[in-house]
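Trainee: What follows is data-v4.pdb, made up of PDB, C-alpha atoms and all ligand atoms:
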ATOM      1  CA  MET A   1      13.520 -89.281 111.865  1.00  0.00           C
ATOM      2  CA  ALA A   2      11.297 -91.808 110.109  1.00  0.00           C
ATOM      3  CA  ASP A   3      12.682 -93.841 107.254  1.00  0.00           C
ATOM      4  CA  ILE A   4      11.959 -92.662 103.718  1.00  0.00           C
ATOM      5  CA  VAL A   5      10.650 -95.384 101.423  1.00  0.00           C
ATOM      6  CA  TRP A   6      10.247 -95.063  97.658  1.00  0.00           C
ATOM      7  CA  THR A   7       8.791 -97.809  95.495  1.00  0.00           C
ATOM      8  CA  PHE A   8       9.063 -98.083  91.715  1.00  0.00           C
ATOM      9  CA  GLU A   9       7.457-100.497  89.319  1.00  0.00           C
ATOM     10  CA  VAL A  10       9.878-101.717  86.655  1.00  0.00           C
ATOM     11  CA  LEU A  11       8.094-102.929  83.538  1.00  0.00           C
ATOM     12  CA  ALA A  12       9.281-105.949  81.571  1.00  0.00           C
ATOM     13  CA  ASN A  13      10.499-105.544  77.992  1.00  0.00           C
ATOM     14  CA  ASN A  14      10.121-101.794  78.043  1.00  0.00           C
ATOM     15  CA  PHE A  15      13.427-100.387  76.831  1.00  0.00           C
ATOM     16  CA  ASP A  16      12.053 -96.856  76.543  1.00  0.00           C
ATOM     17  CA  LEU A  17      11.340 -96.748  80.266  1.00  0.00           C
ATOM     18  CA  ALA A  18      14.336 -98.837  81.321  1.00  0.00           C
ATOM     19  CA  GLY A  19      16.431 -96.830  83.744  1.00  0.00           C
ATOM     20  CA  SER A  20      13.680 -94.384  84.638  1.00  0.00           C
ATOM     21  CA  ALA A  21      13.301 -95.606  88.232  1.00  0.00           C
ATOM     22  CA  SER A  22      16.971 -94.995  88.976  1.00  0.00           C
ATOM     23  CA  GLN A  23      16.745 -91.574  87.296  1.00  0.00           C
ATOM     24  CA  VAL A  24      13.840 -90.552  89.546  1.00  0.00           C
ATOM     25  CA  ALA A  25      15.684 -91.963  92.554  1.00  0.00           C
ATOM     26  CA  LYS A  26      18.745 -89.900  91.560  1.00  0.00           C
ATOM     27  CA  SER A  27      16.875 -86.588  91.569  1.00  0.00           C
ATOM     28  CA  ARG A  28      15.192 -87.415  94.892  1.00  0.00           C
ATOM     29  CA  LEU A  29      18.487 -88.437  96.501  1.00  0.00           C
ATOM     30  CA  LYS A  30      19.993 -85.150  95.339  1.00  0.00           C
ATOM     31  CA  GLN A  31      17.233 -83.299  97.184  1.00  0.00           C
ATOM     32  CA  LEU A  32      18.300 -85.071 100.378  1.00  0.00           C
ATOM     33  CA  SER A  33      21.740 -83.484  99.971  1.00  0.00           C
ATOM     34  CA  LEU A  34      23.575 -86.780 100.257  1.00  0.00           C
ATOM     35  CA  PRO A  35      27.245 -86.908  99.208  1.00  0.00           C
ATOM     36  CA  THR A  36      27.604 -86.857  95.404  1.00  0.00           C
ATOM     37  CA  GLU A  37      29.889 -89.897  95.421  1.00  0.00           C
ATOM     38  CA  LEU A  38      27.364 -91.906  97.462  1.00  0.00           C
ATOM     39  CA  ILE A  39      24.493 -90.924  95.148  1.00  0.00           C
ATOM     40  CA  ARG A  40      26.590 -91.971  92.168  1.00  0.00           C
ATOM     41  CA  ARG A  41      27.250 -95.438  93.630  1.00  0.00           C
ATOM     42  CA  ILE A  42      23.589 -95.954  94.529  1.00  0.00           C
ATOM     43  CA  VAL A  43      22.253 -94.802  91.145  1.00  0.00           C
ATOM     44  CA  ILE A  44      24.724 -96.896  89.092  1.00  0.00           C
ATOM     45  CA  SER A  45      23.917 -99.990  91.165  1.00  0.00           C
ATOM     46  CA  MET A  46      20.179 -99.447  91.057  1.00  0.00           C
ATOM     47  CA  TYR A  47      20.327 -98.800  87.299  1.00  0.00           C
ATOM     48  CA  GLU A  48      22.144-102.099  86.657  1.00  0.00           C
ATOM     49  CA  GLY A  49      19.633-104.006  88.788  1.00  0.00           C
ATOM     50  CA  GLU A  50      16.718-102.268  87.103  1.00  0.00           C
ATOM     51  CA  ILE A  51      18.026-103.125  83.620  1.00  0.00           C
ATOM     52  CA  ASN A  52      18.554-106.734  84.689  1.00  0.00           C
ATOM     53  CA  MET A  53      14.899-106.971  85.712  1.00  0.00           C
ATOM     54  CA  VAL A  54      13.909-105.633  82.281  1.00  0.00           C
ATOM     55  CA  ILE A  55      16.142-107.900  80.186  1.00  0.00           C
ATOM     56  CA  HIS A  56      16.472-111.057  82.308  1.00  0.00           C
ATOM     57  CA  ALA A  57      13.174-111.149  84.257  1.00  0.00           C
ATOM     58  CA  ASP A  58       9.567-110.058  83.799  1.00  0.00           C
ATOM     59  CA  GLY A  59      10.157-106.658  85.323  1.00  0.00           C
ATOM     60  CA  GLY A  60       9.736-106.213  89.049  1.00  0.00           C
ATOM     61  CA  ILE A  61       9.643-103.814  91.952  1.00  0.00           C
ATOM     62  CA  ALA A  62      12.465-101.552  93.097  1.00  0.00           C
ATOM     63  CA  THR A  63      12.352-100.192  96.627  1.00  0.00           C
ATOM     64  CA  LEU A  64      14.714 -97.638  98.070  1.00  0.00           C
ATOM     65  CA  THR A  65      14.775 -97.012 101.803  1.00  0.00           C
ATOM     66  CA  VAL A  66      16.690 -94.187 103.437  1.00  0.00           C
ATOM     67  CA  THR A  67      17.385 -94.666 107.153  1.00  0.00           C
ATOM     68  CA  PRO A  68      19.541 -92.444 109.383  1.00  0.00           C
ATOM     69  CA  THR A  69      22.464 -94.860 108.932  1.00  0.00           C
ATOM     70  CA  GLU A  70      22.113 -96.464 105.513  1.00  0.00           C
ATOM     71  CA  ILE A  71      20.360 -96.633 102.174  1.00  0.00           C
ATOM     72  CA  ILE A  72      18.886 -99.961 101.167  1.00  0.00           C
ATOM     73  CA  VAL A  73      17.944-100.806  97.589  1.00  0.00           C
ATOM     74  CA  VAL A  74      15.807-103.921  97.048  1.00  0.00           C
ATOM     75  CA  LEU A  75      15.140-105.234  93.537  1.00  0.00           C
ATOM     76  CA  LYS A  76      12.505-107.938  93.496  1.00  0.00           C
ATOM     77  CA  ASP A  77      11.301-109.894  90.499  1.00  0.00           C
ATOM     78  CA  THR A  78       9.365-113.062  89.782  1.00  0.00           C
ATOM     79  CA  GLY A  79      11.457-114.014  86.768  1.00  0.00           C
ATOM     80  CA  LYS A  80      13.396-117.108  85.824  1.00  0.00           C
ATOM     81  CA  GLY A  81      15.977-116.848  88.603  1.00  0.00           C
ATOM     82  CA  ILE A  82      19.778-117.045  88.401  1.00  0.00           C
ATOM     83  CA  GLU A  83      21.141-120.537  87.865  1.00  0.00           C
ATOM     84  CA  ASN A  84      24.674-119.984  89.138  1.00  0.00           C
ATOM     85  CA  VAL A  85      25.115-116.888  91.297  1.00  0.00           C
ATOM     86  CA  GLU A  86      28.880-117.239  91.618  1.00  0.00           C
ATOM     87  CA  LEU A  87      29.199-117.329  87.830  1.00  0.00           C
ATOM     88  CA  ALA A  88      26.734-114.459  87.345  1.00  0.00           C
ATOM     89  CA  LEU A  89      28.931-112.274  89.571  1.00  0.00           C
ATOM     90  CA  LYS A  90      31.956-112.809  87.325  1.00  0.00           C
ATOM     91  CA  GLU A  91      32.961-109.972  85.006  1.00  0.00           C
ATOM     92  CA  GLY A  92      31.968-110.726  81.437  1.00  0.00           C
ATOM     93  CA  TYR A  93      29.512-113.516  82.205  1.00  0.00           C
ATOM     94  CA  THR A  94      26.213-113.046  80.403  1.00  0.00           C
ATOM     95  CA  THR A  95      23.297-115.064  79.098  1.00  0.00           C
ATOM     96  CA  ALA A  96      22.044-112.146  76.984  1.00  0.00           C
ATOM     97  CA  ASP A  97      21.200-113.128  73.403  1.00  0.00           C
ATOM     98  CA  SER A  98      22.375-111.266  70.293  1.00  0.00           C
ATOM     99  CA  GLN A  99      19.201-109.164  70.168  1.00  0.00           C
ATOM    100  CA  ILE A 100      19.856-107.840  73.683  1.00  0.00           C
ATOM    101  CA  ARG A 101      23.531-107.244  72.886  1.00  0.00           C
ATOM    102  CA  GLU A 102      22.603-105.209  69.837  1.00  0.00           C
ATOM    103  CA  LEU A 103      20.746-102.902  72.203  1.00  0.00           C
ATOM    104  CA  GLY A 104      23.984-102.334  74.082  1.00  0.00           C
ATOM    105  CA  PHE A 105      23.405-104.640  77.048  1.00  0.00           C
ATOM    106  CA  GLY A 106      25.030-107.950  77.871  1.00  0.00           C
ATOM    107  CA  ALA A 107      28.634-107.026  78.680  1.00  0.00           C
ATOM    108  CA  GLY A 108      28.278-109.064  81.865  1.00  0.00           C
ATOM    109  CA  MET A 109      29.258-106.102  84.012  1.00  0.00           C
ATOM    110  CA  GLY A 110      26.015-105.297  85.841  1.00  0.00           C
ATOM    111  CA  LEU A 111      26.253-107.608  88.836  1.00  0.00           C
ATOM    112  CA  PRO A 112      30.055-107.133  89.253  1.00  0.00           C
ATOM    113  CA  ASN A 113      29.467-103.383  89.380  1.00  0.00           C
ATOM    114  CA  MET A 114      26.582-103.743  91.847  1.00  0.00           C
ATOM    115  CA  LYS A 115      28.925-105.762  94.056  1.00  0.00           C
ATOM    116  CA  LYS A 116      31.731-103.227  93.659  1.00  0.00           C
ATOM    117  CA  TYR A 117      29.682-100.090  94.283  1.00  0.00           C
ATOM    118  CA  SER A 118      27.506-101.296  97.173  1.00  0.00           C
ATOM    119  CA  ASP A 119      28.738-101.870 100.713  1.00  0.00           C
ATOM    120  CA  ASN A 120      26.843-105.143 100.853  1.00  0.00           C
ATOM    121  CA  LEU A 121      25.076-107.231  98.196  1.00  0.00           C
ATOM    122  CA  VAL A 122      22.778-110.163  98.888  1.00  0.00           C
ATOM    123  CA  ILE A 123      21.290-112.241  96.066  1.00  0.00           C
ATOM    124  CA  ASP A 124      18.333-114.403  96.939  1.00  0.00           C
ATOM    125  CA  THR A 125      17.230-116.375  93.919  1.00  0.00           C
ATOM    126  CA  GLU A 126      15.241-119.449  93.034  1.00  0.00           C
ATOM    127  CA  ILE A 127      14.842-120.970  89.561  1.00  0.00           C
ATOM    128  CA  ASN A 128      11.455-120.127  88.018  1.00  0.00           C
ATOM    129  CA  VAL A 129      10.393-118.322  91.194  1.00  0.00           C
ATOM    130  CA  GLY A 130      12.387-115.115  91.067  1.00  0.00           C
ATOM    131  CA  THR A 131      15.263-113.049  92.329  1.00  0.00           C
ATOM    132  CA  THR A 132      15.560-110.519  95.125  1.00  0.00           C
ATOM    133  CA  ILE A 133      18.698-108.437  95.314  1.00  0.00           C
ATOM    134  CA  THR A 134      19.393-106.334  98.385  1.00  0.00           C
ATOM    135  CA  MET A 135      22.121-103.703  98.298  1.00  0.00           C
ATOM    136  CA  THR A 136      23.163-101.643 101.275  1.00  0.00           C
ATOM    137  CA  PHE A 137      25.020 -98.328 101.212  1.00  0.00           C
ATOM    138  CA  LYS A 138      26.343 -96.953 104.468  1.00  0.00           C
ATOM    139  CA  LEU A 139      25.957 -93.315 105.391  1.00  0.00           C
ATOM    140  CA  ASN A 140      28.750 -91.505 107.184  1.00  0.00           C
ATOM    141  CA  LYS A 141      31.273 -94.130 106.198  1.00  0.00           C
ATOM    142  CA  LYS A 142      34.634 -93.406 107.722  1.00  0.00           C
TER     143      LYS A 142
HETATM  144  N1  LIG B   1      17.093-110.396  87.751  1.00  0.00           N
HETATM  145  C1  LIG B   1      17.654-111.425  87.093  1.00  0.00           C
HETATM  146  N2  LIG B   1      16.924-112.514  86.765  1.00  0.00           N
HETATM  147  C2  LIG B   1      17.485-113.549  86.119  1.00  0.00           C
HETATM  148  N3  LIG B   1      18.775-113.599  85.731  1.00  0.00           N
HETATM  149  C3  LIG B   1      19.548-112.539  86.026  1.00  0.00           C
HETATM  150  C4  LIG B   1      19.047-111.398  86.709  1.00  0.00           C
HETATM  151  N4  LIG B   1      20.055-110.523  86.880  1.00  0.00           N
HETATM  152  C5  LIG B   1      21.129-111.084  86.318  1.00  0.00           C
HETATM  153  N5  LIG B   1      20.849-112.290  85.800  1.00  0.00           N
HETATM  154  C6  LIG B   1      21.778-113.252  85.148  1.00  0.00           C
HETATM  155  O1  LIG B   1      23.108-112.922  85.521  1.00  0.00           O
HETATM  156  C7  LIG B   1      23.879-112.637  84.347  1.00  0.00           C
HETATM  157  C8  LIG B   1      24.899-111.570  84.656  1.00  0.00           C
HETATM  158  O2  LIG B   1      24.238-110.314  84.938  1.00  0.00           O
HETATM  159  P1  LIG B   1      25.003-108.940  84.658  1.00  0.00           P
HETATM  160  O3  LIG B   1      24.106-107.831  84.994  1.00  0.00           O
HETATM  161  O4  LIG B   1      26.311-109.005  85.358  1.00  0.00           O
HETATM  162  O5  LIG B   1      25.312-109.006  83.104  1.00  0.00           O
HETATM  163  P2  LIG B   1      24.328-108.745  81.871  1.00  0.00           P
HETATM  164  O6  LIG B   1      23.042-108.179  82.343  1.00  0.00           O
HETATM  165  O7  LIG B   1      24.243-110.020  81.110  1.00  0.00           O
HETATM  166  O8  LIG B   1      25.136-107.666  81.026  1.00  0.00           O
HETATM  167  P3  LIG B   1      25.275-106.087  81.400  1.00  0.00           P
HETATM  168  O9  LIG B   1      24.751-105.905  82.790  1.00  0.00           O
HETATM  169  O10 LIG B   1      26.738-105.792  81.299  1.00  0.00           O
HETATM  170  O11 LIG B   1      24.461-105.379  80.376  1.00  0.00           O
HETATM  171  C9  LIG B   1      22.871-112.275  83.284  1.00  0.00           C
HETATM  172  O12 LIG B   1      23.348-112.459  81.980  1.00  0.00           O
HETATM  173  C10 LIG B   1      21.719-113.218  83.632  1.00  0.00           C
HETATM  174  O13 LIG B   1      21.968-114.508  83.154  1.00  0.00           O
HETATM  175 MG    MG B   2      23.030-106.553  83.618  1.00  0.00          MG
END
Represent the structure contained in this file as structure tokens.
Ligand SMILES: Nc1ncnc2c1ncn2[C@@H]1O[C@H](COP(=O)(O)OP(=O)(O)OP(=O)(O)O)[C@@H](O)[C@H]1O
Ligand SMILES: [Mg+2]
Mentor:
Amino acid sequence: MADIVWTFEVLANNFDLAGSASQVAKSRLKQLSLPTELIRRIVISMYEGEINMVIHADGGIATLTVTPTEIIVVLKDTGKGIENVELALKEGYTTADSQIRELGFGAGMGLPNMKKYSDNLVIDTEINVGTTITMTFKLNKK
């Protein structure tokens, strides 16, 4: 069977639309009758990455690919990049300002959760060039 590929544009600074790509992905994944627990891990991870592109970058593109063996979520932006990836992956680390925190973001839990809920997480980032995050979720995991 051919791979299924969905692409979503994530707009910068749009808090009304923030999270909508992962919501659409959720309903489409449900139609594929994937395990509920797997869908939950994918949607939480994609949501966190989507929000990060809204609050820390200038928006970006989210792509979700379903293959017979795995689901791959790629979040690509051309934002400011992540200065220290190791630090960014630590629970509680955030560079969010008070304005962002008032909106309920900035607990520093997004990337740690993406790492926890995906089977593999790769962060490719360059200062002032952008960040591409690739998360893989295995199907039929034993
Ligand atoms: N796409 C991105 N572009 C630039 N910096 C990013 C990006 N994603 C994450 N970061 C940096 O990594 C830090 C940690 O991200 P993480 O998602 O864990 O926490 P947060 O977004 O600050 O808070 P939370 O996700 O809990 O709302 C961010 O504060 C930011 O400095
Ligand atoms: Mg975050």
Trainee: Please write the residues picked by the PyMOL selection byres (((chain A and resi 7-23) around 12) and not hetatm) on this file as a PyMOL selection string.
Mentor: chain A and resi 4-6+24-30+39-66+72-79+100+103-105
Trainee: Hey, can you check how far atom N3 of ligand LIG 1 (chain B) sits from atom CA of Leu139 of chain A?
Mentor: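 Taking atom N3 of ligand LIG 1 (chain B) and atom CA of Leu139 of chain A, their separation equals 29.1 Å.
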Trainee: Find the distance between atom O1 of ligand LIG 1 (chain B) and atom CA of Val122 of chain A and write it in Å to one decimal.
Mentor: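 Going from atom O1 of ligand LIG 1 (chain B) over to atom CA of Val122 of chain A covers 13.7 Å.
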Trainee: Between A:Thr95, A:Thr125, A:Asn120, A:Thr131, which one has atoms that come closest to ligand MG 2 (chain B), using all atoms listed in the file?
Mentor: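 Of A:Thr95, A:Thr125, A:Asn120, A:Thr131, the one nearest ligand MG 2 (chain B), counting all atoms listed in the file, is A:Thr95.
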Trainee: Using the chain letters and residue numbers of this document, give as a list in words the residues selected by the PyMOL selection byres (((chain A and resi 124) around 10) and not hetatm).
Mentor: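 That selection, the PyMOL selection byres (((chain A and resi 124) around 10) and not hetatm), comes back as Lys76, Gly81, Ile82, Val85, Leu121, Val122, Ile123, Thr125, Glu126, Gly130, Thr131, Thr132, Ile133 and Thr134 of chain A.
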Trainee: Which residues would end up in the selection if the PyMOL selection byres (((chain A and resi 112) around 9) and not hetatm) were applied here, given that I need the answer as a list of chain:residue names?
Mentor: A:Ala88, A:Leu89, A:Lys90, A:Glu91, A:Gly92, A:Gly108, A:Met109, A:Gly110, A:Leu111, A:Asn113, A:Met114, A:Lys115, A:Lys116, A:Tyr117
Trainee: Just how far from atom CA of Tyr93 of chain A is atom MG of ligand MG 2 (chain B), in Å to one decimal?
Mentor: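 Those two atoms sit 9.6 Å apart.
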Trainee: Neighbours of Lys138 of chain A within 9 Å (all atoms listed in the file; same-chain residues fewer than 6 positions away dropped), as a list in words?
Mentor: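 What passes the distance filter is Leu38, Thr69, Glu70, Ile71, Ile72, Ser118, Asp119 and Asn120 of chain A.
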Trainee: Using C-alpha atoms, can you export the residues from the last selection as an mmCIF file, in the frame of the given file?
Mentor:
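out.cif written:
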data_model
loop_
_atom_site.group_PDB
_atom_site.id
_atom_site.type_symbol
_atom_site.label_atom_id
_atom_site.label_comp_id
_atom_site.auth_asym_id
_atom_site.auth_seq_id
_atom_site.Cartn_x
_atom_site.Cartn_y
_atom_site.Cartn_z
ATOM 1 C CA LEU A 38 27.364 -91.906 97.462
ATOM 2 C CA THR A 69 22.464 -94.860 108.932
ATOM 3 C CA GLU A 70 22.113 -96.464 105.513
ATOM 4 C CA ILE A 71 20.360 -96.633 102.174
ATOM 5 C CA ILE A 72 18.886 -99.961 101.167
ATOM 6 C CA SER A 118 27.506 -101.296 97.173
ATOM 7 C CA ASP A 119 28.738 -101.870 100.713
ATOM 8 C CA ASN A 120 26.843 -105.143 100.853
#
Trainee: Go through A:Gln99, A:Glu83, A:Ser33, A:Pro68 one by one, measure the shortest atom-to-atom distance of each to Asn140 of chain A using only C-alpha atoms, and give the residue with the smallest value.
Mentor: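 Looking at the shortest contact to Asn140 of chain A, the residue is A:Pro68.
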Trainee: Between A:Lys80, A:Glu102, A:Met135, A:Val129, which has the minimum distance to ligand LIG 1 (chain B) (counting all atoms listed in the file)?
Mentor: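 Selected residue with least distance to ligand LIG 1 (chain B): A:Lys80.
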Trainee: Taking all atoms of segment 104-107 of chain A that the file lists and extending 6 Å past them on each side, where is the centre of the axis-aligned box and how long are its edges? Answer in Å to one decimal, as JSON.
Mentor:
{"center_x": 26.0, "center_y": -105.1, "center_z": 76.4, "size_x": 17.2, "size_y": 17.6, "size_z": 16.6}
Trainee: N, CA, C and O atoms are what I want for segment 24-40 of chain A; can you complete it accordingly and write them as a PDB file, in the coordinates of the input?
Mentor:
ATOM      1  N   VAL A  24      14.695 -91.241  88.568  1.00  0.00           N
ATOM      2  CA  VAL A  24      13.840 -90.552  89.546  1.00  0.00           C
ATOM      3  C   VAL A  24      14.480 -90.620  90.925  1.00  0.00           C
ATOM      4  O   VAL A  24      14.543 -89.623  91.663  1.00  0.00           O
ATOM      5  N   ALA A  25      15.013 -91.800  91.265  1.00  0.00           N
ATOM      6  CA  ALA A  25      15.684 -91.963  92.554  1.00  0.00           C
ATOM      7  C   ALA A  25      16.853 -90.986  92.671  1.00  0.00           C
ATOM      8  O   ALA A  25      17.074 -90.376  93.719  1.00  0.00           O
ATOM      9  N   LYS A  26      17.590 -90.812  91.571  1.00  0.00           N
ATOM     10  CA  LYS A  26      18.745 -89.900  91.560  1.00  0.00           C
ATOM     11  C   LYS A  26      18.323 -88.473  91.924  1.00  0.00           C
ATOM     12  O   LYS A  26      18.934 -87.840  92.784  1.00  0.00           O
ATOM     13  N   SER A  27      17.274 -87.976  91.287  1.00  0.00           N
ATOM     14  CA  SER A  27      16.875 -86.588  91.569  1.00  0.00           C
ATOM     15  C   SER A  27      16.348 -86.443  92.995  1.00  0.00           C
ATOM     16  O   SER A  27      16.575 -85.432  93.651  1.00  0.00           O
ATOM     17  N   ARG A  28      15.678 -87.487  93.504  1.00  0.00           N
ATOM     18  CA  ARG A  28      15.192 -87.415  94.892  1.00  0.00           C
ATOM     19  C   ARG A  28      16.333 -87.492  95.896  1.00  0.00           C
ATOM     20  O   ARG A  28      16.318 -86.805  96.923  1.00  0.00           O
ATOM     21  N   LEU A  29      17.332 -88.327  95.599  1.00  0.00           N
ATOM     22  CA  LEU A  29      18.487 -88.437  96.501  1.00  0.00           C
ATOM     23  C   LEU A  29      19.257 -87.123  96.542  1.00  0.00           C
ATOM     24  O   LEU A  29      19.774 -86.717  97.586  1.00  0.00           O
ATOM     25  N   LYS A  30      19.302 -86.447  95.392  1.00  0.00           N
ATOM     26  CA  LYS A  30      19.993 -85.150  95.339  1.00  0.00           C
ATOM     27  C   LYS A  30      19.312 -84.143  96.264  1.00  0.00           C
ATOM     28  O   LYS A  30      19.967 -83.317  96.896  1.00  0.00           O
ATOM     29  N   GLN A  31      17.976 -84.222  96.321  1.00  0.00           N
ATOM     30  CA  GLN A  31      17.233 -83.299  97.184  1.00  0.00           C
ATOM     31  C   GLN A  31      17.508 -83.548  98.662  1.00  0.00           C
ATOM     32  O   GLN A  31      17.274 -82.682  99.498  1.00  0.00           O
ATOM     33  N   LEU A  32      17.971 -84.762  98.983  1.00  0.00           N
ATOM     34  CA  LEU A  32      18.300 -85.071 100.378  1.00  0.00           C
ATOM     35  C   LEU A  32      19.709 -84.617 100.730  1.00  0.00           C
ATOM     36  O   LEU A  32      20.171 -84.820 101.853  1.00  0.00           O
ATOM     37  N   SER A  33      20.378 -83.996  99.765  1.00  0.00           N
ATOM     38  CA  SER A  33      21.740 -83.484  99.971  1.00  0.00           C
ATOM     39  C   SER A  33      22.715 -84.539 100.468  1.00  0.00           C
ATOM     40  O   SER A  33      23.537 -84.272 101.354  1.00  0.00           O
ATOM     41  N   LEU A  34      22.612 -85.728  99.912  1.00  0.00           N
ATOM     42  CA  LEU A  34      23.575 -86.780 100.257  1.00  0.00           C
ATOM     43  C   LEU A  34      24.863 -86.535  99.470  1.00  0.00           C
ATOM     44  O   LEU A  34      24.852 -85.840  98.458  1.00  0.00           O
ATOM     45  N   PRO A  35      25.977 -87.100  99.923  1.00  0.00           N
ATOM     46  CA  PRO A  35      27.245 -86.908  99.208  1.00  0.00           C
ATOM     47  C   PRO A  35      27.135 -87.372  97.743  1.00  0.00           C
ATOM     48  O   PRO A  35      26.572 -88.440  97.476  1.00  0.00           O
ATOM     49  N   THR A  36      27.676 -86.571  96.844  1.00  0.00           N
ATOM     50  CA  THR A  36      27.604 -86.857  95.404  1.00  0.00           C
ATOM     51  C   THR A  36      28.133 -88.243  95.063  1.00  0.00           C
ATOM     52  O   THR A  36      27.555 -88.972  94.263  1.00  0.00           O
ATOM     53  N   GLU A  37      29.244 -88.606  95.683  1.00  0.00           N
ATOM     54  CA  GLU A  37      29.889 -89.897  95.421  1.00  0.00           C
ATOM     55  C   GLU A  37      28.986 -91.066  95.850  1.00  0.00           C
ATOM     56  O   GLU A  37      28.888 -92.084  95.165  1.00  0.00           O
ATOM     57  N   LEU A  38      28.297 -90.885  96.968  1.00  0.00           N
ATOM     58  CA  LEU A  38      27.364 -91.906  97.462  1.00  0.00           C
ATOM     59  C   LEU A  38      26.178 -92.038  96.504  1.00  0.00           C
ATOM     60  O   LEU A  38      25.787 -93.150  96.132  1.00  0.00           O
ATOM     61  N   ILE A  39      25.623 -90.917  96.091  1.00  0.00           N
ATOM     62  CA  ILE A  39      24.493 -90.924  95.148  1.00  0.00           C
ATOM     63  C   ILE A  39      24.901 -91.640  93.866  1.00  0.00           C
ATOM     64  O   ILE A  39      24.163 -92.465  93.333  1.00  0.00           O
ATOM     65  N   ARG A  40      26.098 -91.366  93.391  1.00  0.00           N
ATOM     66  CA  ARG A  40      26.590 -91.971  92.168  1.00  0.00           C
ATOM     67  C   ARG A  40      26.649 -93.502  92.299  1.00  0.00           C
ATOM     68  O   ARG A  40      26.194 -94.237  91.425  1.00  0.00           O
TER      69      ARG A  40
END
